[in-house]
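Shown next: upload34.cif, containing mmCIF, N, CA and C atoms.
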data_model
#
loop_
_atom_site.label_atom_id
_atom_site.label_comp_id
_atom_site.auth_asym_id
_atom_site.auth_seq_id
_atom_site.Cartn_x
_atom_site.Cartn_y
_atom_site.Cartn_z
N MET A 24 92.69 72.76 64.01
CA MET A 24 91.97 73.18 65.19
C MET A 24 91.14 74.40 64.84
N ALA A 25 89.87 74.38 65.21
CA ALA A 25 88.97 75.50 64.95
C ALA A 25 89.16 76.57 66.02
N VAL A 26 89.34 77.80 65.59
CA VAL A 26 89.45 78.93 66.50
C VAL A 26 88.08 79.58 66.57
N PRO A 27 87.54 79.78 67.78
CA PRO A 27 86.22 80.39 67.89
C PRO A 27 86.15 81.73 67.16
N ALA A 28 85.00 82.00 66.56
CA ALA A 28 84.80 83.20 65.76
C ALA A 28 85.13 84.48 66.54
N LYS A 29 84.82 84.50 67.82
CA LYS A 29 85.05 85.73 68.59
C LYS A 29 86.53 86.09 68.68
N PHE A 30 87.43 85.13 68.44
CA PHE A 30 88.86 85.40 68.49
C PHE A 30 89.47 85.66 67.11
N ARG A 31 88.79 85.25 66.07
CA ARG A 31 89.37 85.34 64.72
C ARG A 31 89.66 86.77 64.30
N SER A 32 88.80 87.70 64.69
CA SER A 32 89.02 89.10 64.28
C SER A 32 90.31 89.65 64.90
N LEU A 33 90.68 89.16 66.08
CA LEU A 33 91.93 89.60 66.71
C LEU A 33 93.16 89.10 65.95
N LEU A 34 92.98 88.02 65.20
CA LEU A 34 94.10 87.37 64.53
C LEU A 34 94.10 87.59 63.02
N LYS A 35 93.22 88.47 62.54
CA LYS A 35 93.08 88.63 61.09
C LYS A 35 94.34 89.16 60.41
N GLY A 36 95.21 89.84 61.15
CA GLY A 36 96.46 90.35 60.59
C GLY A 36 97.57 89.32 60.59
N GLY A 37 97.26 88.09 60.94
CA GLY A 37 98.24 87.02 61.03
C GLY A 37 98.42 86.59 62.47
N ALA A 38 98.97 85.40 62.64
CA ALA A 38 99.14 84.85 63.98
C ALA A 38 100.37 83.95 64.03
N VAL A 39 100.89 83.81 65.24
CA VAL A 39 102.05 82.95 65.49
C VAL A 39 101.72 82.06 66.68
N VAL A 40 102.02 80.78 66.54
CA VAL A 40 101.82 79.83 67.64
C VAL A 40 103.20 79.35 68.10
N THR A 41 103.33 79.18 69.41
CA THR A 41 104.61 78.74 69.98
C THR A 41 104.36 78.00 71.29
N ARG A 42 105.43 77.41 71.81
CA ARG A 42 105.34 76.77 73.12
C ARG A 42 105.01 77.84 74.15
N GLY A 43 104.14 77.47 75.07
CA GLY A 43 103.79 78.40 76.13
C GLY A 43 104.32 77.90 77.46
N LEU A 44 103.75 78.41 78.50
CA LEU A 44 104.10 77.99 79.85
C LEU A 44 102.98 77.10 80.39
N ASP A 45 103.28 76.35 81.41
CA ASP A 45 102.30 75.45 82.03
C ASP A 45 101.78 74.39 81.06
N ASN A 46 102.61 74.03 80.09
CA ASN A 46 102.29 72.98 79.11
C ASN A 46 101.10 73.32 78.22
N CYS A 47 101.00 74.57 77.83
CA CYS A 47 100.00 74.96 76.84
C CYS A 47 100.73 75.63 75.68
N LEU A 48 99.99 75.99 74.66
CA LEU A 48 100.55 76.74 73.54
C LEU A 48 100.06 78.17 73.63
N PHE A 49 100.88 79.11 73.17
CA PHE A 49 100.50 80.50 73.07
C PHE A 49 100.22 80.81 71.60
N LEU A 50 99.13 81.47 71.34
CA LEU A 50 98.77 81.90 70.00
C LEU A 50 98.66 83.42 70.04
N TYR A 51 99.61 84.08 69.39
CA TYR A 51 99.69 85.54 69.42
C TYR A 51 99.23 86.15 68.11
N PRO A 52 98.54 87.30 68.18
CA PRO A 52 98.38 88.09 66.97
C PRO A 52 99.79 88.49 66.49
N LYS A 53 99.98 88.55 65.20
CA LYS A 53 101.30 88.82 64.64
C LYS A 53 101.93 90.09 65.23
N LYS A 54 101.14 91.13 65.39
CA LYS A 54 101.65 92.40 65.93
C LYS A 54 102.19 92.21 67.36
N GLN A 55 101.43 91.51 68.20
CA GLN A 55 101.87 91.27 69.58
C GLN A 55 103.11 90.37 69.61
N TRP A 56 103.13 89.38 68.71
CA TRP A 56 104.29 88.48 68.65
C TRP A 56 105.55 89.27 68.31
N ASN A 57 105.45 90.18 67.36
CA ASN A 57 106.63 90.96 66.97
C ASN A 57 107.17 91.78 68.14
N VAL A 58 106.29 92.34 68.95
CA VAL A 58 106.72 93.09 70.14
C VAL A 58 107.47 92.16 71.11
N LEU A 59 106.89 90.99 71.36
CA LEU A 59 107.52 90.03 72.27
C LEU A 59 108.84 89.53 71.72
N ALA A 60 108.89 89.21 70.43
CA ALA A 60 110.11 88.68 69.82
C ALA A 60 111.26 89.67 69.94
N VAL A 61 110.99 90.95 69.78
CA VAL A 61 112.04 91.97 69.94
C VAL A 61 112.54 91.98 71.37
N LYS A 62 111.63 91.91 72.34
CA LYS A 62 112.04 91.88 73.75
C LYS A 62 112.90 90.65 74.04
N LEU A 63 112.51 89.51 73.51
CA LEU A 63 113.28 88.29 73.73
C LEU A 63 114.65 88.37 73.07
N ALA A 64 114.69 88.96 71.90
CA ALA A 64 115.97 89.10 71.18
C ALA A 64 116.93 90.02 71.92
N ASN A 65 116.40 90.90 72.75
CA ASN A 65 117.24 91.84 73.49
C ASN A 65 117.63 91.36 74.88
N LEU A 66 117.20 90.16 75.26
CA LEU A 66 117.63 89.61 76.54
C LEU A 66 119.13 89.30 76.48
N PRO A 67 119.82 89.41 77.61
CA PRO A 67 121.27 89.16 77.60
C PRO A 67 121.58 87.68 77.35
N ILE A 68 122.36 87.42 76.32
CA ILE A 68 122.71 86.03 76.01
C ILE A 68 123.69 85.45 77.02
N SER A 69 124.23 86.29 77.87
CA SER A 69 125.17 85.81 78.89
C SER A 69 124.45 85.15 80.07
N GLN A 70 123.12 85.31 80.16
CA GLN A 70 122.36 84.73 81.26
C GLN A 70 121.62 83.48 80.77
N GLY A 71 121.92 82.38 81.43
CA GLY A 71 121.38 81.08 81.03
C GLY A 71 119.86 81.03 81.00
N LYS A 72 119.20 81.61 81.98
CA LYS A 72 117.74 81.57 82.02
C LYS A 72 117.14 82.40 80.90
N ALA A 73 117.79 83.50 80.55
CA ALA A 73 117.33 84.32 79.44
C ALA A 73 117.45 83.53 78.13
N ARG A 74 118.58 82.85 77.95
CA ARG A 74 118.77 82.03 76.74
C ARG A 74 117.73 80.92 76.67
N ALA A 75 117.50 80.26 77.80
CA ALA A 75 116.55 79.15 77.84
C ALA A 75 115.14 79.63 77.51
N PHE A 76 114.73 80.76 78.08
CA PHE A 76 113.39 81.26 77.82
C PHE A 76 113.24 81.70 76.36
N SER A 77 114.26 82.36 75.83
CA SER A 77 114.23 82.76 74.42
C SER A 77 114.09 81.54 73.52
N ARG A 78 114.83 80.50 73.82
CA ARG A 78 114.73 79.27 73.02
C ARG A 78 113.35 78.65 73.11
N LEU A 79 112.81 78.61 74.32
CA LEU A 79 111.47 78.04 74.51
C LEU A 79 110.46 78.76 73.63
N MET A 80 110.51 80.08 73.64
CA MET A 80 109.51 80.86 72.93
C MET A 80 109.78 81.00 71.43
N LEU A 81 111.04 81.16 71.05
CA LEU A 81 111.35 81.47 69.66
C LEU A 81 111.59 80.24 68.79
N ALA A 82 112.27 79.25 69.34
CA ALA A 82 112.57 78.05 68.55
C ALA A 82 111.28 77.26 68.34
N GLY A 83 110.94 77.06 67.14
CA GLY A 83 109.73 76.30 66.84
C GLY A 83 108.48 77.13 66.70
N ALA A 84 108.57 78.44 66.94
CA ALA A 84 107.41 79.30 66.72
C ALA A 84 107.11 79.31 65.23
N MET A 85 105.84 79.32 64.88
CA MET A 85 105.52 79.33 63.46
C MET A 85 104.28 80.16 63.17
N ASP A 86 104.30 80.75 61.99
CA ASP A 86 103.13 81.49 61.51
C ASP A 86 102.02 80.48 61.21
N VAL A 87 100.80 80.86 61.51
CA VAL A 87 99.66 80.02 61.17
C VAL A 87 98.70 80.82 60.30
N GLU A 88 98.01 80.11 59.44
CA GLU A 88 97.02 80.72 58.57
C GLU A 88 95.69 80.03 58.80
N PHE A 89 94.65 80.79 58.63
CA PHE A 89 93.30 80.27 58.80
C PHE A 89 92.76 79.77 57.47
N ASP A 90 92.07 78.65 57.52
CA ASP A 90 91.37 78.20 56.31
C ASP A 90 90.01 78.90 56.27
N ASN A 91 89.19 78.56 55.30
CA ASN A 91 87.89 79.21 55.12
C ASN A 91 86.92 78.97 56.27
N GLN A 92 87.19 77.95 57.07
CA GLN A 92 86.31 77.62 58.19
C GLN A 92 86.89 78.08 59.53
N GLY A 93 87.95 78.90 59.51
CA GLY A 93 88.52 79.45 60.73
C GLY A 93 89.38 78.47 61.51
N ARG A 94 89.95 77.51 60.80
CA ARG A 94 90.80 76.52 61.45
C ARG A 94 92.26 76.81 61.16
N ILE A 95 93.11 76.39 62.10
CA ILE A 95 94.55 76.46 61.91
C ILE A 95 95.12 75.05 62.05
N THR A 96 96.28 74.85 61.47
CA THR A 96 96.96 73.56 61.60
C THR A 96 98.11 73.74 62.58
N LEU A 97 98.12 72.92 63.62
CA LEU A 97 99.20 72.94 64.61
C LEU A 97 100.17 71.82 64.28
N PRO A 98 101.47 72.12 64.24
CA PRO A 98 102.44 71.07 63.94
C PRO A 98 102.49 70.02 65.05
N GLU A 99 102.88 68.83 64.68
CA GLU A 99 102.95 67.71 65.62
C GLU A 99 103.79 68.03 66.85
N TYR A 100 104.96 68.65 66.67
CA TYR A 100 105.84 68.91 67.82
C TYR A 100 105.19 69.84 68.84
N LEU A 101 104.35 70.77 68.40
CA LEU A 101 103.65 71.63 69.35
C LEU A 101 102.47 70.90 69.99
N ARG A 102 101.75 70.10 69.22
CA ARG A 102 100.67 69.29 69.81
C ARG A 102 101.23 68.36 70.88
N LYS A 103 102.38 67.76 70.59
CA LYS A 103 103.00 66.85 71.55
C LYS A 103 103.45 67.61 72.80
N PHE A 104 104.07 68.77 72.61
CA PHE A 104 104.51 69.59 73.75
C PHE A 104 103.36 69.88 74.71
N ALA A 105 102.20 70.26 74.15
CA ALA A 105 101.05 70.63 74.97
C ALA A 105 100.18 69.45 75.35
N GLY A 106 100.53 68.25 74.89
CA GLY A 106 99.73 67.06 75.20
C GLY A 106 98.32 67.15 74.66
N LEU A 107 98.17 67.79 73.50
CA LEU A 107 96.83 67.95 72.94
C LEU A 107 96.30 66.63 72.44
N ASN A 108 95.13 66.27 72.91
CA ASN A 108 94.47 65.05 72.49
C ASN A 108 93.22 65.41 71.71
N ARG A 109 92.15 64.74 71.97
CA ARG A 109 90.93 64.96 71.20
C ARG A 109 90.29 66.32 71.48
N LYS A 110 90.14 66.68 72.73
CA LYS A 110 89.46 67.92 73.08
C LYS A 110 90.46 68.95 73.57
N SER A 111 90.33 70.15 73.03
CA SER A 111 91.21 71.25 73.41
C SER A 111 90.37 72.45 73.84
N ILE A 112 90.99 73.30 74.61
CA ILE A 112 90.36 74.53 75.10
C ILE A 112 91.19 75.70 74.60
N ILE A 113 90.52 76.74 74.13
CA ILE A 113 91.21 77.98 73.79
C ILE A 113 90.76 79.02 74.80
N ALA A 114 91.72 79.52 75.56
CA ALA A 114 91.44 80.52 76.58
C ALA A 114 91.96 81.87 76.09
N GLY A 115 91.11 82.87 76.09
CA GLY A 115 91.50 84.21 75.67
C GLY A 115 92.10 84.98 76.84
N LEU A 116 93.28 85.52 76.62
CA LEU A 116 93.92 86.38 77.61
C LEU A 116 94.12 87.75 76.98
N TYR A 117 94.73 88.64 77.70
CA TYR A 117 94.85 90.03 77.25
C TYR A 117 95.51 90.16 75.88
N ASP A 118 96.69 89.58 75.71
CA ASP A 118 97.45 89.79 74.47
C ASP A 118 97.69 88.51 73.68
N ARG A 119 97.05 87.43 74.08
CA ARG A 119 97.27 86.14 73.41
C ARG A 119 96.12 85.21 73.72
N LEU A 120 96.12 84.09 72.99
CA LEU A 120 95.24 82.98 73.31
C LEU A 120 96.11 81.85 73.82
N GLU A 121 95.56 81.03 74.67
CA GLU A 121 96.26 79.83 75.12
C GLU A 121 95.47 78.61 74.66
N ILE A 122 96.21 77.63 74.16
CA ILE A 122 95.60 76.39 73.68
C ILE A 122 96.00 75.28 74.64
N TRP A 123 95.02 74.67 75.26
CA TRP A 123 95.23 73.65 76.29
C TRP A 123 94.54 72.34 75.91
N ASP A 124 95.11 71.25 76.36
CA ASP A 124 94.38 69.99 76.38
C ASP A 124 93.27 70.17 77.41
N GLU A 125 92.07 69.71 77.12
CA GLU A 125 90.93 69.95 78.01
C GLU A 125 91.18 69.43 79.43
N THR A 126 91.72 68.25 79.57
CA THR A 126 91.97 67.69 80.90
C THR A 126 93.01 68.51 81.65
N ALA A 127 94.08 68.90 80.97
CA ALA A 127 95.12 69.72 81.61
C ALA A 127 94.55 71.07 82.03
N TRP A 128 93.71 71.67 81.18
CA TRP A 128 93.10 72.96 81.51
C TRP A 128 92.23 72.84 82.75
N ASN A 129 91.40 71.82 82.81
CA ASN A 129 90.51 71.66 83.96
C ASN A 129 91.31 71.46 85.24
N THR A 130 92.37 70.67 85.17
CA THR A 130 93.23 70.46 86.34
C THR A 130 93.88 71.77 86.77
N TYR A 131 94.43 72.50 85.81
CA TYR A 131 95.08 73.78 86.12
C TYR A 131 94.07 74.76 86.72
N LYS A 132 92.92 74.89 86.09
CA LYS A 132 91.91 75.85 86.53
C LYS A 132 91.43 75.54 87.96
N GLU A 133 91.18 74.26 88.24
CA GLU A 133 90.75 73.87 89.59
C GLU A 133 91.81 74.21 90.62
N GLY A 134 93.08 73.96 90.30
CA GLY A 134 94.16 74.29 91.23
C GLY A 134 94.27 75.79 91.46
N ALA A 135 94.15 76.57 90.38
CA ALA A 135 94.24 78.03 90.51
C ALA A 135 93.06 78.57 91.32
N GLU A 136 91.89 78.00 91.11
CA GLU A 136 90.71 78.45 91.85
C GLU A 136 90.87 78.18 93.34
N LYS A 137 91.45 77.03 93.69
CA LYS A 137 91.66 76.70 95.10
C LYS A 137 92.69 77.63 95.74
N GLN A 138 93.61 78.14 94.95
CA GLN A 138 94.67 79.01 95.47
C GLN A 138 94.37 80.50 95.23
N SER A 139 93.15 80.82 94.84
CA SER A 139 92.84 82.19 94.41
C SER A 139 93.13 83.23 95.49
N ASN A 140 92.88 82.91 96.74
CA ASN A 140 93.17 83.89 97.80
C ASN A 140 94.66 84.16 97.92
N ASP A 141 95.47 83.11 97.87
CA ASP A 141 96.93 83.30 97.94
C ASP A 141 97.45 84.04 96.71
N ILE A 142 96.90 83.71 95.56
CA ILE A 142 97.30 84.40 94.33
C ILE A 142 96.97 85.87 94.42
N ALA A 143 95.77 86.19 94.88
CA ALA A 143 95.34 87.58 94.99
C ALA A 143 96.22 88.35 95.98
N GLU A 144 96.60 87.71 97.08
CA GLU A 144 97.46 88.37 98.05
C GLU A 144 98.83 88.67 97.45
N THR A 145 99.38 87.73 96.73
CA THR A 145 100.69 87.93 96.08
C THR A 145 100.60 89.06 95.07
N LEU A 146 99.54 89.08 94.27
CA LEU A 146 99.38 90.15 93.27
C LEU A 146 99.19 91.49 93.95
N GLY A 147 98.54 91.51 95.09
CA GLY A 147 98.39 92.74 95.85
C GLY A 147 99.73 93.30 96.26
N GLU A 148 100.66 92.41 96.63
CA GLU A 148 102.01 92.85 96.99
C GLU A 148 102.77 93.43 95.80
N LEU A 149 102.33 93.04 94.59
CA LEU A 149 102.96 93.55 93.37
C LEU A 149 102.27 94.81 92.85
N GLY A 150 101.25 95.26 93.57
CA GLY A 150 100.55 96.49 93.18
C GLY A 150 99.37 96.28 92.25
N VAL A 151 98.90 95.03 92.14
CA VAL A 151 97.75 94.77 91.27
C VAL A 151 96.48 94.80 92.09
#

Take the structure from the file and write it as structure tokens.
Amino acid sequence: MAVPAKFRSLLKGGAVVTRGLDNCLFLYPKKQWNVLAVKLANLPISQGKARAFSRLMLAGAMDVEFDNQGRITLPEYLRKFAGLNRKSIIAGLYDRLEIWDETAWNTYKEGAEKQSNDIAETLGELGV
């Protein structure tokens, strides 16, 4: 998968890809991944949801390397998890990239746009 040039500089120190939420993949710069991995490792193992989330994020996470053309290879199990087919979308977020199947991304984006007022109100209650 080709990573757009504008994102490659963020990942030049290395990158990790893992299962994400909403059926996408998360692609983290190595530095950001290390911060998250420490937080996940410190979650209480006595809580089932903490264990489940740690497993989702940590099990199967893998380092990725760029070839000379700025491409990475995604393992089959992660492509299958995210339902990646022919066309994929890479969405840049604050501390990570998300890799989506194009159809899934469009469906998600349309739903979020329709709910934008409710989302904004909820975030307002959280102080955003």

Enumerate, as a list of chain:residue names, the residues matched when the PyMOL selection byres ((chain A and resi 43-49) around 6) is run on the file above.
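Expected selection for the PyMOL selection byres ((chain A and resi 43-49) around 6) here is A:Val39, A:Val40, A:Thr41, A:Arg42, A:Leu50, A:Tyr51, A:Phe104, A:Ala105, A:Leu120, A:Glu121, A:Ile122, A:Trp123.
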
Requested write-out: N, CA and C atoms of the selected residues, as a PDB file, in the coordinates of the input:
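Produced file out_33.pdb, reproduced below:
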ATOM      1  N   VAL A  39     100.890  83.810  65.240  1.00  0.00           N
ATOM      2  CA  VAL A  39     102.050  82.950  65.490  1.00  0.00           C
ATOM      3  C   VAL A  39     101.720  82.060  66.680  1.00  0.00           C
ATOM      4  N   VAL A  40     102.020  80.780  66.540  1.00  0.00           N
ATOM      5  CA  VAL A  40     101.820  79.830  67.640  1.00  0.00           C
ATOM      6  C   VAL A  40     103.200  79.350  68.100  1.00  0.00           C
ATOM      7  N   THR A  41     103.330  79.180  69.410  1.00  0.00           N
ATOM      8  CA  THR A  41     104.610  78.740  69.980  1.00  0.00           C
ATOM      9  C   THR A  41     104.360  78.000  71.290  1.00  0.00           C
ATOM     10  N   ARG A  42     105.430  77.410  71.810  1.00  0.00           N
ATOM     11  CA  ARG A  42     105.340  76.770  73.120  1.00  0.00           C
ATOM     12  C   ARG A  42     105.010  77.840  74.150  1.00  0.00           C
ATOM     13  N   LEU A  50      99.130  81.470  71.340  1.00  0.00           N
ATOM     14  CA  LEU A  50      98.770  81.900  70.000  1.00  0.00           C
ATOM     15  C   LEU A  50      98.660  83.420  70.040  1.00  0.00           C
ATOM     16  N   TYR A  51      99.610  84.080  69.390  1.00  0.00           N
ATOM     17  CA  TYR A  51      99.690  85.540  69.420  1.00  0.00           C
ATOM     18  C   TYR A  51      99.230  86.150  68.110  1.00  0.00           C
ATOM     19  N   PHE A 104     104.070  68.770  72.610  1.00  0.00           N
ATOM     20  CA  PHE A 104     104.510  69.590  73.750  1.00  0.00           C
ATOM     21  C   PHE A 104     103.360  69.880  74.710  1.00  0.00           C
ATOM     22  N   ALA A 105     102.200  70.260  74.150  1.00  0.00           N
ATOM     23  CA  ALA A 105     101.050  70.630  74.970  1.00  0.00           C
ATOM     24  C   ALA A 105     100.180  69.450  75.350  1.00  0.00           C
ATOM     25  N   LEU A 120      96.120  84.090  72.990  1.00  0.00           N
ATOM     26  CA  LEU A 120      95.240  82.980  73.310  1.00  0.00           C
ATOM     27  C   LEU A 120      96.110  81.850  73.820  1.00  0.00           C
ATOM     28  N   GLU A 121      95.560  81.030  74.670  1.00  0.00           N
ATOM     29  CA  GLU A 121      96.260  79.830  75.120  1.00  0.00           C
ATOM     30  C   GLU A 121      95.470  78.610  74.660  1.00  0.00           C
ATOM     31  N   ILE A 122      96.210  77.630  74.160  1.00  0.00           N
ATOM     32  CA  ILE A 122      95.600  76.390  73.680  1.00  0.00           C
ATOM     33  C   ILE A 122      96.000  75.280  74.640  1.00  0.00           C
ATOM     34  N   TRP A 123      95.020  74.670  75.260  1.00  0.00           N
ATOM     35  CA  TRP A 123      95.230  73.650  76.290  1.00  0.00           C
ATOM     36  C   TRP A 123      94.540  72.340  75.910  1.00  0.00           C
TER      37      TRP A 123
END

Given the PyMOL selection byres ((chain A and resi 54-62) around 7), the residues it picks as a PyMOL selection string:
chain A and resi 36-39+51-53+63-66+118

When the PyMOL selection byres ((chain A and resi 110) around 8) is applied to the structure above, which residues does it catch, written out as a list in words?
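When the PyMOL selection byres ((chain A and resi 110) around 8) is applied to the shown file, the picked residues are Leu107, Asn108, Arg109, Ser111, Ile112, Ile113, Trp123, Asp124, Glu125 and Thr126 of chain A.
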
So how far away is CA of Gly134 in chain A from atom C of Leu146 in chain A, in Å?
18.1 Å

Point-to-point distance from CA of Ala75 in chain A to atom N of Tyr100 in chain A, Å rounded to tenths
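Rounded to one decimal, the two atoms are 19.2 Å apart.
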
Enter the distance from atom C of Thr96 in chain A to atom C of Met24 in chain A, in Å, rounded to one decimal.
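These two atoms are separated by 7.4 Å.
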
Among listed residues A:Ile142, A:Gln92, A:Trp128, A:Gly147, nearest Gly106 in chain A (using only C-alpha atoms):
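Residue with the minimum atom-to-atom distance to Gly106 in chain A: A:Trp128.
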
Running DSSP on the backbone, which parts of chain A land in strand (DSSP E), as a PyMOL selection string?
chain A and resi 38-42+48-52+85-87+111-115+120-124

According to DSSP computed on the backbone, where in chain A is there helix (DSSP H, G or I)? Give the residues as a PyMOL selection string.
chain A and resi 28-34+53-64+71-81+99-105+125-137+139-148
